[in-house]
>>> print(open('final.pdb').read())   # PDB, C-alpha atoms
MODEL        1
ATOM      1  CA  MET N   4     -13.697 -16.411   5.450
ATOM      2  CA  ASN N   5     -10.130 -15.554   4.460
ATOM      3  CA  ALA N   6     -10.334 -18.061   1.594
ATOM      4  CA  ILE N   7     -13.508 -16.388   0.343
ATOM      5  CA  LYS N   8     -11.912 -12.963   0.489
ATOM      6  CA  ARG N   9      -8.852 -14.179  -1.377
ATOM      7  CA  SER N  10     -11.032 -15.709  -4.081
ATOM      8  CA  ILE N  11     -13.076 -12.574  -4.541
ATOM      9  CA  VAL N  12     -10.096 -10.268  -4.934
ATOM     10  CA  THR N  13      -7.990 -12.588  -7.059
ATOM     11  CA  ILE N  14     -10.545 -14.252  -9.385
ATOM     12  CA  PRO N  15     -12.348 -11.579 -11.406
ATOM     13  CA  LEU N  16     -14.697 -14.128 -13.036
ATOM     14  CA  LEU N  17     -16.749 -14.593  -9.870
ATOM     15  CA  GLY N  18     -19.126 -12.071 -11.344
ATOM     16  CA  PRO N  19     -20.387  -8.581 -10.613
ATOM     17  CA  LEU N  20     -22.717  -9.695  -7.830
ATOM     18  CA  ALA N  21     -19.902 -11.192  -5.763
ATOM     19  CA  GLN N  22     -17.777  -8.132  -6.420
ATOM     20  CA  SER N  23     -20.603  -5.836  -5.298
ATOM     21  CA  VAL N  24     -21.168  -7.830  -2.109
ATOM     22  CA  TYR N  25     -17.459  -7.764  -1.362
ATOM     23  CA  ARG N  26     -17.231  -3.978  -1.850
ATOM     24  CA  PHE N  27     -20.248  -3.479   0.435
ATOM     25  CA  LEU N  28     -18.647  -5.589   3.174
ATOM     26  CA  TYR N  29     -15.355  -3.816   2.627
ATOM     27  CA  ARG N  30     -16.926  -0.405   3.157
ATOM     28  CA  LEU N  31     -18.215  -1.619   6.521
ATOM     29  CA  THR N  32     -14.642  -2.237   7.693
ATOM     30  CA  VAL N  33     -12.710   0.466   5.904
ATOM     31  CA  TYR N  34     -13.742   3.112   8.409
ATOM     32  CA  LYS N  35     -11.149   1.779  10.783
ATOM     33  CA  PHE N  36      -8.879   4.347   9.135
ATOM     34  CA  ARG N  37      -5.812   5.479  10.984
ATOM     35  CA  GLU N  38      -7.140   9.040  10.798
ATOM     36  CA  ALA N  39     -10.221   8.152  12.860
ATOM     37  CA  VAL N  40      -8.656   8.704  16.253
ATOM     38  CA  PRO N  41     -10.706  10.213  19.087
ATOM     39  CA  GLY N  42      -9.547  13.229  21.051
ATOM     40  CA  THR N  43      -8.668  16.835  20.364
ATOM     41  CA  TYR N  44      -5.101  17.715  19.473
ATOM     42  CA  ASP N  45      -3.124  19.884  17.104
ATOM     43  CA  PRO N  46      -1.475  17.907  14.305
ATOM     44  CA  PRO N  47       2.262  17.184  14.590
ATOM     45  CA  SER N  48       2.954  19.609  11.749
ATOM     46  CA  ARG N  49       1.673  22.543  13.820
ATOM     47  CA  TRP N  50       3.764  21.528  16.821
ATOM     48  CA  ILE N  51       6.925  21.088  14.769
ATOM     49  CA  ALA N  52       6.346  24.325  12.855
ATOM     50  CA  SER N  53       6.033  26.173  16.145
ATOM     51  CA  LEU N  54       9.176  24.569  17.585
ATOM     52  CA  LEU N  55      11.577  24.270  14.655
ATOM     53  CA  ALA N  56      10.457  26.360  11.675
ATOM     54  CA  ASP N  57      12.829  28.856  10.029
ATOM     55  CA  ARG N  58      15.940  27.151  11.384
ATOM     56  CA  GLU N  59      18.853  25.445   9.701
ATOM     57  CA  LEU N  60      18.832  21.862  10.938
ATOM     58  CA  ASP N  61      19.241  18.168  10.137
ATOM     59  CA  VAL N  62      16.155  15.960   9.787
ATOM     60  CA  VAL N  63      16.025  12.174   9.549
ATOM     61  CA  GLN N  64      12.785  10.538   8.438
ATOM     62  CA  ILE N  65      12.609   6.740   8.673
ATOM     63  CA  GLY N  66       9.684   5.180   6.832
ATOM     64  CA  SER N  67       9.275   7.992   4.294
ATOM     65  CA  ASN N  68       6.903   6.085   2.006
ATOM     66  CA  ASP N  69       6.400   8.227  -1.134
ATOM     67  CA  GLY N  70       7.170  11.457   0.709
ATOM     68  CA  ALA N  71       3.645  12.783   0.276
ATOM     69  CA  THR N  72       0.814  10.444   1.349
ATOM     70  CA  ASN N  73      -0.213  11.059   4.974
ATOM     71  CA  ASP N  74       3.214  12.526   5.714
ATOM     72  CA  PRO N  75       2.861  14.899   8.692
ATOM     73  CA  ILE N  76       6.061  16.809   7.915
ATOM     74  CA  ALA N  77       5.984  16.866   4.086
ATOM     75  CA  SER N  78       4.739  20.449   3.870
ATOM     76  CA  LEU N  79       7.274  21.599   6.469
ATOM     77  CA  ILE N  80      10.121  20.041   4.505
ATOM     78  CA  GLU N  81       8.864  21.815   1.394
ATOM     79  CA  VAL N  82       8.754  25.319   2.882
ATOM     80  CA  ASN N  83      11.791  25.114   5.188
ATOM     81  CA  ASN N  84      14.510  25.070   2.545
ATOM     82  CA  ARG N  85      17.280  25.194   5.155
ATOM     83  CA  TRP N  86      16.325  21.763   6.447
ATOM     84  CA  ARG N  87      18.780  19.050   5.389
ATOM     85  CA  VAL N  88      16.773  15.820   5.180
ATOM     86  CA  ILE N  89      17.681  12.140   5.016
ATOM     87  CA  PHE N  90      14.769  10.059   3.722
ATOM     88  CA  VAL N  91      14.764   6.314   4.470
ATOM     89  CA  GLU N  92      12.368   3.999   2.630
ATOM     90  CA  PRO N  93      12.988   0.240   2.200
ATOM     91  CA  VAL N  94      10.232  -0.654  -0.321
ATOM     92  CA  PRO N  95      11.732  -0.266  -3.827
ATOM     93  CA  TYR N  96       8.666   1.039  -5.711
ATOM     94  CA  LEU N  97       7.886   3.525  -2.915
ATOM     95  CA  PHE N  98      11.524   4.596  -2.835
ATOM     96  CA  GLU N  99      11.354   5.480  -6.547
ATOM     97  CA  SER N 100       8.128   7.450  -5.959
ATOM     98  CA  LEU N 101       9.792   9.218  -3.032
ATOM     99  CA  LYS N 102      12.695  10.409  -5.176
ATOM    100  CA  ARG N 103      10.356  11.599  -7.932
ATOM    101  CA  ASN N 104       8.139  13.488  -5.476
ATOM    102  CA  LYS N 105      10.997  15.193  -3.647
ATOM    103  CA  GLY N 106      13.168  16.028  -6.628
ATOM    104  CA  ASN N 107      16.901  16.415  -6.902
ATOM    105  CA  GLN N 108      17.856  18.947  -4.252
ATOM    106  CA  ASN N 109      21.285  19.158  -2.645
ATOM    107  CA  ARG N 110      19.704  19.259   0.791
ATOM    108  CA  PHE N 111      18.078  15.845   0.323
ATOM    109  CA  ARG N 112      19.619  12.388   0.682
ATOM    110  CA  PHE N 113      17.838   9.117   0.000
ATOM    111  CA  GLU N 114      18.473   5.710   1.571
ATOM    112  CA  ASN N 115      16.823   2.540   0.217
ATOM    113  CA  VAL N 116      17.555   0.487   3.350
ATOM    114  CA  ALA N 117      15.843  -0.840   6.453
ATOM    115  CA  LEU N 118      16.858   0.092   9.988
ATOM    116  CA  ASN N 119      17.650  -2.964  12.093
ATOM    117  CA  ASN N 120      20.713  -4.632  13.604
ATOM    118  CA  GLY N 121      22.660  -4.223  10.374
ATOM    119  CA  THR N 122      21.786  -7.496   8.621
ATOM    120  CA  ALA N 123      19.740  -8.291   5.520
ATOM    121  CA  GLN N 124      16.214  -9.181   6.581
ATOM    122  CA  THR N 125      12.899 -10.227   5.029
ATOM    123  CA  PHE N 126      10.616  -7.229   4.643
ATOM    124  CA  TYR N 127       6.869  -7.400   3.933
ATOM    125  CA  SER N 128       4.933  -4.817   1.957
ATOM    126  CA  VAL N 129       1.722  -4.469  -0.056
ATOM    127  CA  GLN N 130       1.864  -4.774  -3.833
ATOM    128  CA  VAL N 131       1.000  -1.609  -5.705
ATOM    129  CA  THR N 132      -1.510  -3.658  -7.766
ATOM    130  CA  ALA N 133      -3.718  -4.123  -4.692
ATOM    131  CA  LYS N 134      -5.422  -0.864  -5.640
ATOM    132  CA  ASP N 135      -6.426  -2.330  -9.014
ATOM    133  CA  HIS N 136      -8.354  -5.150  -7.306
ATOM    134  CA  ILE N 137      -9.725  -3.096  -4.401
ATOM    135  CA  PRO N 138     -10.323   0.437  -5.739
ATOM    136  CA  ASN N 139     -11.616   1.822  -2.432
ATOM    137  CA  LEU N 140      -8.449   1.163  -0.458
ATOM    138  CA  PRO N 141      -7.513   4.012   1.882
ATOM    139  CA  PRO N 142      -4.513   6.101   0.758
ATOM    140  CA  TRP N 143      -2.264   4.558   3.416
ATOM    141  CA  TYR N 144      -2.576   0.952   2.186
ATOM    142  CA  ASN N 145       0.959   1.019   0.760
ATOM    143  CA  GLN N 146       2.423   2.460   3.963
ATOM    144  CA  LEU N 147       2.116  -0.824   5.834
ATOM    145  CA  GLY N 148       5.585  -2.193   5.076
ATOM    146  CA  SER N 149       7.025  -4.038   8.067
ATOM    147  CA  PHE N 150       9.391  -6.760   9.235
ATOM    148  CA  ASN N 151       6.328  -8.264  10.903
ATOM    149  CA  ARG N 152       3.871  -9.782   8.419
ATOM    150  CA  SER N 153       1.013  -9.675  10.922
ATOM    151  CA  ASN N 154       1.207  -5.877  11.012
ATOM    152  CA  ILE N 155      -0.283  -6.021   7.508
ATOM    153  CA  THR N 156      -2.682  -8.937   7.865
ATOM    154  CA  ARG N 157      -4.418  -7.455  10.895
ATOM    155  CA  GLN N 158      -5.256  -4.246   9.023
ATOM    156  CA  LEU N 159      -8.599  -3.786   7.216
ATOM    157  CA  ASN N 160      -9.907  -7.150   8.358
ATOM    158  CA  GLY N 161      -7.160  -9.021   6.502
ATOM    159  CA  ILE N 162      -8.189  -8.093   2.948
ATOM    160  CA  LEU N 163      -4.614  -7.177   1.989
ATOM    161  CA  GLU N 164      -3.212 -10.655   2.663
ATOM    162  CA  PRO N 165      -3.335 -11.825  -0.989
ATOM    163  CA  PHE N 166      -1.233  -8.832  -2.001
ATOM    164  CA  ILE N 167       1.600  -9.141   0.493
ATOM    165  CA  GLN N 168       5.018  -9.369  -1.120
ATOM    166  CA  GLU N 169       8.301 -10.117   0.570
ATOM    167  CA  CYS N 170      11.876  -9.280  -0.305
ATOM    168  CA  LYS N 171      15.292  -9.213   1.281
ATOM    169  CA  ILE N 172      16.216  -5.663   2.297
ATOM    170  CA  ALA N 173      19.686  -4.402   3.144
ATOM    171  CA  GLY N 174      19.815  -3.433   6.794
ATOM    172  CA  ILE N 175      21.900  -0.931   8.697
ATOM    173  CA  THR N 176      21.856   0.331  12.262
ATOM    174  CA  LEU N 177      20.654   3.788  13.165
ATOM    175  CA  THR N 178      24.182   4.789  14.180
ATOM    176  CA  GLU N 179      25.561   3.601  10.806
ATOM    177  CA  LEU N 180      22.907   5.624   8.993
ATOM    178  CA  LEU N 181      23.797   8.797  10.880
ATOM    179  CA  GLU N 182      27.534   8.288  10.551
ATOM    180  CA  ARG N 183      27.641   7.577   6.837
ATOM    181  CA  ASN N 184      25.488  10.650   6.188
ATOM    182  CA  GLN N 185      27.734  12.718   8.460
ATOM    183  CA  VAL N 186      24.918  13.875  10.719
ATOM    184  CA  LYS N 187      26.479  15.810  13.561
ATOM    185  CA  ALA N 188      23.521  17.650  15.087
ATOM    186  CA  LEU N 189      20.250  15.775  14.590
ATOM    187  CA  GLU N 190      17.359  18.124  15.409
ATOM    188  CA  LEU N 191      14.263  16.276  14.165
ATOM    189  CA  LEU N 192      13.806  12.497  14.052
ATOM    190  CA  HIS N 193      10.577  11.193  12.512
ATOM    191  CA  LEU N 194       9.706   7.481  12.659
ATOM    192  CA  ASP N 195       6.787   5.750  10.952
ATOM    193  CA  THR N 196       7.806   2.112  10.670
ATOM    194  CA  GLU N 197       4.625   0.124  11.296
ATOM    195  CA  GLY N 198       5.344  -1.276  14.732
ATOM    196  CA  TYR N 199       9.150  -1.146  14.558
ATOM    197  CA  ASP N 200       9.448   2.352  16.027
ATOM    198  CA  TRP N 201      10.562   1.295  19.503
ATOM    199  CA  LYS N 202      13.185  -1.096  18.162
ATOM    200  CA  ILE N 203      14.751   1.777  16.219
ATOM    201  CA  LEU N 204      14.366   4.265  19.062
ATOM    202  CA  SER N 205      16.046   1.886  21.482
ATOM    203  CA  ASN N 206      19.193   2.099  19.340
ATOM    204  CA  LEU N 207      19.338   5.894  19.422
ATOM    205  CA  ASN N 208      22.521   6.940  21.191
ATOM    206  CA  LEU N 209      21.210   9.769  23.360
ATOM    207  CA  ALA N 210      24.692  10.523  24.652
ATOM    208  CA  ARG N 211      25.760  11.420  21.113
ATOM    209  CA  TYR N 212      22.506  12.349  19.369
ATOM    210  CA  LYS N 213      19.713  14.009  21.296
ATOM    211  CA  PRO N 214      17.210  15.459  18.796
ATOM    212  CA  SER N 215      15.273  18.530  19.833
ATOM    213  CA  VAL N 216      12.087  16.830  18.606
ATOM    214  CA  ILE N 217      11.206  13.169  18.018
ATOM    215  CA  LEU N 218       7.965  12.075  16.385
ATOM    216  CA  PHE N 219       7.067   8.380  16.315
ATOM    217  CA  GLU N 220       3.950   6.323  15.723
ATOM    218  CA  HIS N 221       2.820   4.392  18.796
ATOM    219  CA  LYS N 222      -0.340   2.831  17.354
ATOM    220  CA  LEU N 223       1.178  -0.602  16.651
ATOM    221  CA  LEU N 224       3.421  -0.811  19.700
ATOM    222  CA  SER N 225       2.637  -3.318  22.416
ATOM    223  CA  ARG N 226       1.998  -2.108  25.953
ATOM    224  CA  THR N 227       5.481  -3.227  26.921
ATOM    225  CA  GLU N 228       7.057  -1.375  23.983
ATOM    226  CA  MET N 229       5.052   1.747  24.767
ATOM    227  CA  ARG N 230       6.162   1.602  28.401
ATOM    228  CA  ASP N 231       9.789   1.020  27.434
ATOM    229  CA  SER N 232       9.825   3.862  24.903
ATOM    230  CA  THR N 233       8.271   6.226  27.447
ATOM    231  CA  ASN N 234      10.792   5.269  30.128
ATOM    232  CA  PHE N 235      13.652   5.612  27.654
ATOM    233  CA  LEU N 236      12.696   9.126  26.538
ATOM    234  CA  ARG N 237      11.015  10.713  29.565
ATOM    235  CA  PRO N 238      14.240  11.708  31.415
ATOM    236  CA  TRP N 239      15.099  14.114  28.574
ATOM    237  CA  TYR N 240      11.772  14.805  26.850
ATOM    238  CA  ASN N 241       8.239  15.996  27.472
ATOM    239  CA  LEU N 242       5.997  13.472  25.695
ATOM    240  CA  TYR N 243       2.679  14.380  24.091
ATOM    241  CA  ARG N 244       0.083  12.013  22.597
ATOM    242  CA  LEU N 245      -1.192  13.361  19.276
ATOM    243  CA  GLY N 246      -3.638  10.743  18.044
ATOM    244  CA  ILE N 247      -1.653   7.755  16.774
ATOM    245  CA  ASP N 248       1.672   9.574  17.228
ATOM    246  CA  THR N 249       3.837  10.573  20.173
ATOM    247  CA  LEU N 250       5.710  13.871  19.964
ATOM    248  CA  CYS N 251       8.776  14.232  22.178
ATOM    249  CA  VAL N 252      10.130  17.706  22.938
ATOM    250  CA  ARG N 253      13.514  17.992  24.614
ATOM    251  CA  LYS N 254      13.113  19.543  28.042
ATOM    252  CA  ASP N 255      16.153  21.805  27.909
ATOM    253  CA  ILE N 256      15.035  23.255  24.564
ATOM    254  CA  VAL N 257      11.322  23.810  25.157
ATOM    255  CA  THR N 258       9.477  23.741  28.469
ATOM    256  CA  ILE N 259       5.865  22.754  29.034
ATOM    257  CA  ASP N 260       4.966  26.429  29.430
ATOM    258  CA  ASN N 261       6.173  27.119  25.878
ATOM    259  CA  THR N 262       3.664  24.634  24.492
ATOM    260  CA  GLN N 263       0.569  25.778  26.367
ATOM    261  CA  SER N 264      -1.034  27.154  23.158
ATOM    262  CA  LEU N 265      -0.721  23.730  21.488
ATOM    263  CA  LYS N 266      -3.225  20.920  22.061
ATOM    264  CA  GLY N 267      -2.031  17.456  22.992
ATOM    265  CA  THR N 268      -2.073  14.983  25.860
ATOM    266  CA  LEU N 269       0.995  15.263  28.074
ATOM    267  CA  VAL N 270       2.270  11.874  29.178
ATOM    268  CA  GLY N 271       2.826  12.083  32.930
TER     269      GLY N 271
ENDMDL
END
>>> encode(input="final.pdb", output="C-alpha cells")
Amino acid sequence: MNAIKRSIVTIPLLGPLAQSVYRFLYRLTVYKFREAVPGTYDPPSRWIASLLADRELDVVQIGSNDGATNDPIASLIEVNNRWRVIFVEPVPYLFESLKRNKGNQNRFRFENVALNNGTAQTFYSVQVTAKDHIPNLPPWYNQLGSFNRSNITRQLNGILEPFIQECKIAGITLTELLERNQVKALELLHLDTEGYDWKILSNLNLARYKPSVILFEHKLLSRTEMRDSTNFLRPWYNLYRLGIDTLCVRKDIVTIDNTQSLKGTLVG
C-alpha cells in the first residue's frame, strides 16, 4: 500500500483516474485533523489573554513554524507590543517564513536551532513541495518537523513519507537558549515540538525559571511521558487539558478560583 501511495504522488504520468482515486481516498483520511478534538474548552489564546495580557514580559516559543499557521498565541504576540519574544524554529525554510511574517521588531529574537542536549542532530521535516503533489493537505502539514521520523509517517495514513527530508540541525539546551538571550524572568513558555515537548520540559530549571504560564502539546506524548510531565509540573502548577494542548498556570500567581470563567479540564 505504501508503495502504491508513493507511486501515485511521485509519478504524475499515472493518469488522471489514478490521481482522482488517490484524492478520494485521501479525503477519507484527512479528517483526522488535529483540530478535530472532542470536548468543550476555551482556546489557549483566551486563557493566556485573561492571565497575561497588557503586561511587560518575556515569552519563549519553541517550534514557532512560520509564526502564523495554527499558532495559538500569534494574535496575542501581535497586539501585546510589550511582550519580548524569542522564536525558535529549526526548519530553514519555515524559519525564513517566520522572520518575514513577524518583521524586524526590536522586541523579537529569532533562533534557527533545535532544543536538545546541545549536540547537532538529524531533524526530519516535510518538504514544502508536498503541497504541489497533494493540494488538499491540511495547513499544518509543514508543522510536523521532529527528531523522530515516525512522528511524520504516522500522520495522515503515511502519505507524507515520500516528502520527508532530513538535515543536521545545530542543537542547544534550553538553559543555553535562555542564557544567551539574557532571559531573566520567563513568564510564558510555549512548546509545540511534535512529540519532543516532554524532553524539553524536563530540562527546564524550575529553581531558576518558573514561568507563570506554560503551554505544551501533549498529543504525541506517550503515556509515560504524559505522566512524567504531569508529575514534574503539578507541584507548582494547575494543569488544564485544552484539546491537544496542556496549559499550566502557576499556583502562586493564579488560583483555580480565578479561572472559573474559563473552560478546560483540570488535571487532578
>>> residues_around(input="final.pdb", residues="Ser128 in chain N", least_positions_apart="6", cutoff="9 Å", atoms="all atoms listed in the file", output="ChimeraX atom specification")
/N:94,145-150,152,155,166-170
>>> resolve_selection(input="final.pdb", expression="the PyMOL selection byres ((chain N and resi 179) around 12)", output="list in words")
Glu114, Val116, Ala117, Leu118, Asn119, Asn120, Gly121, Thr122, Gly174, Ile175, Thr176, Leu177, Thr178, Leu180, Leu181, Glu182, Arg183, Asn184, Gln185, Val186, Asn206, Leu207 and Asn208 of chain N
>>> closest_residue(input="final.pdb", among="N:Leu97, N:Ile162, N:Ile76, N:Leu191", to="Leu60 in chain N", atoms="all atoms listed in the file")
N:Leu191
>>> resolve_selection(input="final.pdb", expression="the PyMOL selection byres ((chain N and resi 219) around 6)", output="compact mmCIF listing (two decimals) with C-alpha atoms, in the coordinates of the input")
# COMPACT_ATOMS: atom_id res chain seq x y z
CA HIS N 193 10.58 11.19 12.51
CA LEU N 194 9.71 7.48 12.66
CA ASP N 195 6.79 5.75 10.95
CA LEU N 218 7.96 12.08 16.39
CA GLU N 220 3.95 6.32 15.72
CA ASP N 248 1.67 9.57 17.23
CA THR N 249 3.84 10.57 20.17
>>> residues_around(input="final.pdb", residues="Leu101 in chain N", least_positions_apart="2", cutoff="8 Å", atoms="all atoms listed in the file", output="list in words")
Ser67, Asn68, Asp69, Gly70, Ala71, Leu97, Phe98, Glu99, Arg103, Asn104 and Lys105 of chain N
>>> write_last_selection(input="final.pdb", atoms="C-alpha atoms", output="short mmCIF file (atom, residue, chain, number, x, y, z; two decimals), in the coordinates of the input")
data_model
loop_
_atom_site.label_atom_id
_atom_site.label_comp_id
_atom_site.auth_asym_id
_atom_site.auth_seq_id
_atom_site.Cartn_x
_atom_site.Cartn_y
_atom_site.Cartn_z
CA SER N 67 9.28 7.99 4.29
CA ASN N 68 6.90 6.08 2.01
CA ASP N 69 6.40 8.23 -1.13
CA GLY N 70 7.17 11.46 0.71
CA ALA N 71 3.64 12.78 0.28
CA LEU N 97 7.89 3.52 -2.92
CA PHE N 98 11.52 4.60 -2.84
CA GLU N 99 11.35 5.48 -6.55
CA ARG N 103 10.36 11.60 -7.93
CA ASN N 104 8.14 13.49 -5.48
CA LYS N 105 11.00 15.19 -3.65
#
>>> atom_distance(input="final.pdb", atom1="CA of Leu79 in chain N", atom2="CA of Gln108 in chain N")
15.3 Å
>>> resolve_selection(input="final.pdb", expression="the PyMOL selection byres ((chain N and resi 54) around 9)", output="VMD selection string")
chain N and resid 49 to 53 55 to 56 215 to 216 252 257 262
>>> atom_distance(input="final.pdb", atom1="CA of Gln158 in chain N", atom2="CA of Asp231 in chain N")
24.4 Å
>>> closest_residue(input="final.pdb", among="N:Glu197, N:Glu190, N:Glu228, N:Asp45", to="Ile256 in chain N", atoms="all atoms listed in the file")
N:Glu190
>>> atom_distance(input="final.pdb", atom1="CA of Thr227 in chain N", atom2="CA of Val63 in chain N")
25.5 Å
>>> closest_residue(input="final.pdb", among="N:His136, N:Pro142, N:Leu209, N:Asp61", to="Asn73 in chain N", atoms="all atoms listed in the file")
N:Pro142
>>> closest_residue(input="final.pdb", among="N:Leu192, N:Pro47, N:Ser232, N:Gly267", to="Ser205 in chain N", atoms="only C-alpha atoms")
N:Ser232
>>> residues_around(input="final.pdb", residues="Trp239 in chain N", least_positions_apart="3", cutoff="6 Å", atoms="only C-alpha atoms", output="list in words")
Leu236, Arg253 and Lys254 of chain N
>>> closest_residue(input="final.pdb", among="N:Arg157, N:Pro214, N:Val131, N:Asp260", to="Leu189 in chain N", atoms="all atoms listed in the file")
N:Pro214
>>> axis_aligned_box(input="final.pdb", around="range 112-119 of chain N", padding_each_side="6 Å", output="lines of an AutoDock Vina configuration file")
center_x = 17.7
center_y = 4.7
center_z = 6.0
size_x = 15.8
size_y = 27.4
size_z = 24.1
